[in-house]
Amino acid sequence: MKLKLLSTLFLFISVVFSNFSQSSDKESAARSWINEHAKELNIQSFHSFKLTFVRKGLAGETLRFQQMLNEVPVYDSEIVVNFAEGDQVAYSSNNYDATIAKIDTNPSITNTQAIAISNDALQFKGAVTYQDSKLCVVKMEQNTILVYRVVTNAFDKTGSWEVIIDAKTAAILSKKDIAIYHKDKKKEKAKKVNPNTKLTSPNSFVPGAAKVFIPDPLSQARVPYAGNYLDNNDLTNADFDAARTQVILPEIELLSGVYKLKSSFVEIQDLEAPAKGLFTQSTPNFLYDRENDAFEAANAFYHLDNSMRYINNTLGIRCIPLTNSGILYFDPSGVNGDDNSYYTVGTLTFGEGGVDDAEDADVVLHEMGHGIHDWLTGGHASSTTGLGEGTGDYWAVSYSRSLNQWTATDAAYNWVFSWDGHNEWWAGRVTNYTRTYPQTGATNTQIHTYGQIWATALMKIFDVIGRTKMDKAFLEGLALTNSSSNQKTAAVAVRQAAINMNYPCADIQTITDKFNASGYALPALSLTMGIIANQTVNAGTTNTFLIPSYATLGNPISDGCAATVTQSPAIGTSVAPGVYTITVTATLGATVIVRTFTLTVISNLSTVDFVKNSIVIYPNPAKNLITIKGEFNGAETVTIFNLLGQKVIEKSLMSNEEKIDVSSLSNGVYTIYFNTTKVGKKFIKE
């Protein structure tokens with residue numbers, strides 16, 4: 001660990017922010033579904049439900065209903081309802097508590113008094129960097145109690161501290177650190193600091209550069225932790241310097257001649273001791289070696305910003321913090337210098353014991369994985385059976401595996417924390433864990449150990465269906481879970497998300513088989529088939545159209561992909577321009593599903609020419625963003641290819657005008673192919 005001087009703390013107060021709507025035209029259908037299942041869920045007549053979170057994603061629209069008692073929320077208790085198509089419920093999960101009793105919900109103390117009681121109990125001396133207090137109902141030792149839940153982060157106190165206070169008696173009922181650590185929490189090291197306060201200012205973004213580890217020096221060089229590749233108290237050498245890669249930072253803040261590690265997604269903060277400052281400078285180039293604190297700052301910033309852009313821009317999945325106005329805050333030098341890191345309320349804090357955690361992208365992305373889990377569930381991430389830890393491990397290894405540095409025969413191929421762990425400091429974790437779900441016994445059920453089953457199962461699917469598909473199913477599946485979901489229920493949710501996104505039956509079968517091999521025993525798949533949207537096509541040069549198979553659009557799903565599909569009119573039927581009704585039928589035993597849609601055949605070239613001529617791409621040439629405008633006939637996806645024909649970006653267009661981040665592309669000529677419209681356009685990246 002380095003010995004470094006204290007610097008200035010930039011105090012911030014986190015503001016709750018939600019990028020997701022809290023209203024939905026599906027609310028009525030969702031409430032009807034809840035009412036229809038009231039007996040099954042054992043819903044009590046004096047309980048009500050408030051729609052608190054609506055998320056529209058690639059796997060459909062998900063509504064979260066908070067359990068209420070006399071208009072006071074029941075802490076961490078909700079019903080989740082997901083719609084894939086129309087008003088038909090595709091999936092639900094819940095941790096509704098039917099045992100919450102009728103109590104008086106008028107507090108005897110105020111919110112301000114509750115905060116004062118919490119502050120007195122925590123005895124911190126540094127600045128408060130986050131604080132939130134809410135009145136809620138909880139169940140403790142079989143008793144229903146009205147409480148204030150106060151959560152506080154302070155500069156001189158490692159972690160995120162929850163204090164539960166009886167709202168009637170003012171008694172403290174519990175006090176604990178609820179931060180999510182990437183390994184077992186170690187003893188806190190207290191330090192005295194004297195932080196100052198500084199107000200933030202409006203931002204202006206420009207490109208920058210940095211030298212970073214991708215993802216760490218051992219993986220980059222494909223060498224073991226030995227010789228010149230020992231941590232050696234953060235000293236650098238020629239091998240460590242050579243392991244750095246110079247990267248472009250698409251956005252950093254430039255304000256009054258000062259450059260700061262801040263973008264549309266991520267911002268450096270000095271959240272916790274030791275006080276190292278914000279590493280602002282007069283140049284946009286953060287080109288440091290690992291002996292300099294600025295290296296860890298730039299390294300963490302690059303990997304966090306890059307991952308946020310991958311999720312939001314490349315995958316097309318909206319995923320940002322629920323706090324800090326949607327910006328992920330991180331402190332590259334915190335945890336009072338301890339050898340650990342943690343996530344809480346939209347912030348990441350990295351320790352410096354052993355190998356500095358912010359030097360290893362696995363640690364950086366593991367902790368971000370906890371954040372992703374939190375944001376996608378509207379603040380209801382689960383740690384049950386190690387689900388949260390396995391989620392963080394998967395997100396780290398999904399990235400590092402995609403770099404193709406280690407081969408499948410290398411032990412490190414399956415390692416998590418290849419640089420920070422598997423060394424003199426601690427053992428790290430793996431994604432080829434041999435145990436299966438569920439586990440019993442104190443040793444194997446510790447959440448960091450248990451989570452290896454989940455990460456291993458996900459990576460086995462990743463290796464078959466590929467990173468993009470697995471990441472999408474993983475993220476969209478997490479969004480269907482709740483705060484009590486375990487690995488098995490999360491596995492069902494991931495499979496359901498893949499079904500909702502119309503993954504081929506072969507992929508669904510792979511997901512099922514790999515999860516079952518890990519012990520999850522997923523429910524058998526009943527026959528399902530998606531709704532087929534109306535189709536508009538152009539006649540060929542002879543002004544006729546040969547009807548193709550539409551089975552892939554319906555995509556029947558069943559165990560073993562055993563359904564048979566028939567179509568009328570038959571595949572290969574030649575039709576003239578006109579409007580036709582197409583019927584696709586899937587059959588499995590006694591179960592039959594019929595889908596009909598309208599096929600409109602237009603005279604040769606008329607529609608394609610209209611759509612092609614309506615598409616505009618600007619600016620062209622482009623540096624960071626391109627805007628696509630056009631009149632598309634329904635859902636459209638675009639794929640961007642380089643001159644070698646390699647796919648570099650894939651994105652779903654949610655409207656007729658969308659922006660795509662191309663800042664990560666090398667300079668050159670690219671083709672944007674519109675997969676539904678069957679039109680290609682070129683643009684220049686400079």
# chains A, B, ... in the order shown; residues from 1 in each chain; ligands from 1

call {"tool": "select_by_dssp", "arguments": {"residues": "stretch 3-170 of chain A", "states": "helix (DSSP H, G or I)", "output": "PDB file with C-alpha atoms, in the first residue's frame"}}
result
ATOM      1  CA  GLU A  27     -50.679  -0.275 -14.689  1.00  0.00           C
ATOM      2  CA  SER A  28     -54.334  -1.272 -14.941  1.00  0.00           C
ATOM      3  CA  ALA A  29     -53.455  -4.652 -16.497  1.00  0.00           C
ATOM      4  CA  ALA A  30     -50.808  -5.226 -13.828  1.00  0.00           C
ATOM      5  CA  ARG A  31     -53.206  -4.408 -11.003  1.00  0.00           C
ATOM      6  CA  SER A  32     -55.793  -6.719 -12.543  1.00  0.00           C
ATOM      7  CA  TRP A  33     -53.205  -9.493 -12.565  1.00  0.00           C
ATOM      8  CA  ILE A  34     -52.379  -8.832  -8.899  1.00  0.00           C
ATOM      9  CA  ASN A  35     -56.073  -8.908  -7.989  1.00  0.00           C
ATOM     10  CA  GLU A  36     -56.573 -12.148  -9.899  1.00  0.00           C
ATOM     11  CA  ALA A  38     -54.601 -12.126  -4.560  1.00  0.00           C
ATOM     12  CA  LYS A  39     -55.595 -15.441  -3.009  1.00  0.00           C
ATOM     13  CA  GLU A  40     -52.464 -17.180  -4.295  1.00  0.00           C
ATOM     14  CA  LEU A  41     -50.287 -14.351  -2.942  1.00  0.00           C
ATOM     15  CA  ASN A 111     -37.363  12.917  10.464  1.00  0.00           C
ATOM     16  CA  THR A 112     -34.923  15.581  11.675  1.00  0.00           C
ATOM     17  CA  GLN A 113     -34.873  14.052  15.147  1.00  0.00           C
ATOM     18  CA  ALA A 114     -34.232  10.594  13.657  1.00  0.00           C
ATOM     19  CA  ILE A 115     -31.220  11.901  11.716  1.00  0.00           C
ATOM     20  CA  ALA A 116     -29.834  13.512  14.873  1.00  0.00           C
ATOM     21  CA  ILE A 117     -30.193  10.228  16.789  1.00  0.00           C
ATOM     22  CA  SER A 118     -28.426   8.352  13.975  1.00  0.00           C
ATOM     23  CA  ASN A 119     -25.581  10.882  13.783  1.00  0.00           C
ATOM     24  CA  ASP A 120     -25.040  10.657  17.522  1.00  0.00           C
ATOM     25  CA  ALA A 121     -24.904   6.854  17.347  1.00  0.00           C
ATOM     26  CA  LEU A 122     -22.376   6.791  14.491  1.00  0.00           C
TER      27      LEU A 122
END

call {"tool": "closest_atom_pairs", "arguments": {"of": "stretch 382-435 of chain A", "to": "stretch 473-495 of chain A", "cutoff": "7 Å", "atoms": "only C-alpha atoms", "output": "CSV"}}
result
residue,atom,partner,partner_atom,distance
A:Ser382,CA,A:Ser483,CA,4.2
A:Thr384,CA,A:Asn486,CA,5.1
A:Thr385,CA,A:Asn486,CA,5.7
A:Leu387,CA,A:Gln487,CA,5.5

call {"tool": "residues_around", "arguments": {"residues": "A:Phe49", "least_positions_apart": "5", "cutoff": "7 Å", "atoms": "only C-alpha atoms", "output": "MDAnalysis selection string"}}
result
chainID A and resid 65:68

call {"tool": "write_last_selection", "arguments": {"atoms": "C-alpha atoms", "output": "PDB file, in the first residue's frame"}}
result
ATOM      1  CA  PHE A  65     -45.460  -2.195  -6.861  1.00  0.00           C
ATOM      2  CA  GLN A  66     -44.343  -1.222  -3.338  1.00  0.00           C
ATOM      3  CA  GLN A  67     -46.323  -2.810  -0.490  1.00  0.00           C
ATOM      4  CA  MET A  68     -47.942  -0.068   1.628  1.00  0.00           C
TER       5      MET A  68
END

call {"tool": "select_by_dssp", "arguments": {"residues": "stretch 311-517 of chain A", "states": "strand (DSSP E)", "output": "PyMOL selection string"}}
result
chain A and resi 328-331+341-344+347-350+415-416+429-430

call {"tool": "closest_residue", "arguments": {"among": "A:Tyr329, A:Trp395, A:Phe597, A:Tyr288", "to": "A:Lys262", "atoms": "only C-alpha atoms"}}
result
A:Tyr329

call {"tool": "closest_residue", "arguments": {"among": "A:Lys183, A:Asn106, A:Val579, A:Gln405", "to": "A:Arg429", "atoms": "only C-alpha atoms"}}
result
A:Lys183

call {"tool": "residues_around", "arguments": {"residues": "A:Asn70", "least_positions_apart": "2", "cutoff": "9 Å", "atoms": "only C-alpha atoms", "output": "PyMOL selection string"}}
result
chain A and resi 46-48+68+72-73+102-105

call {"tool": "atom_distance", "arguments": {"atom1": "atom CA of A:Lys26", "atom2": "atom CA of A:Thr585"}}
result
28.0 Å

call {"tool": "residues_around", "arguments": {"residues": "A:Pro332", "least_positions_apart": "2", "cutoff": "6 Å", "atoms": "only C-alpha atoms", "output": "ChimeraX atom specification"}}
result
/A:297,350,358

call {"tool": "residues_around", "arguments": {"residues": "A:Met459", "least_positions_apart": "6", "cutoff": "10 Å", "atoms": "only C-alpha atoms", "output": "number ranges by chain"}}
result
A: 393-395, 397-398, 401, 414, 431-432, 465-467, 470, 514

call {"tool": "closest_residue", "arguments": {"among": "A:Ser263, A:Thr236, A:Ser383, A:Thr349", "to": "A:Thr158", "atoms": "only C-alpha atoms"}}
result
A:Thr349
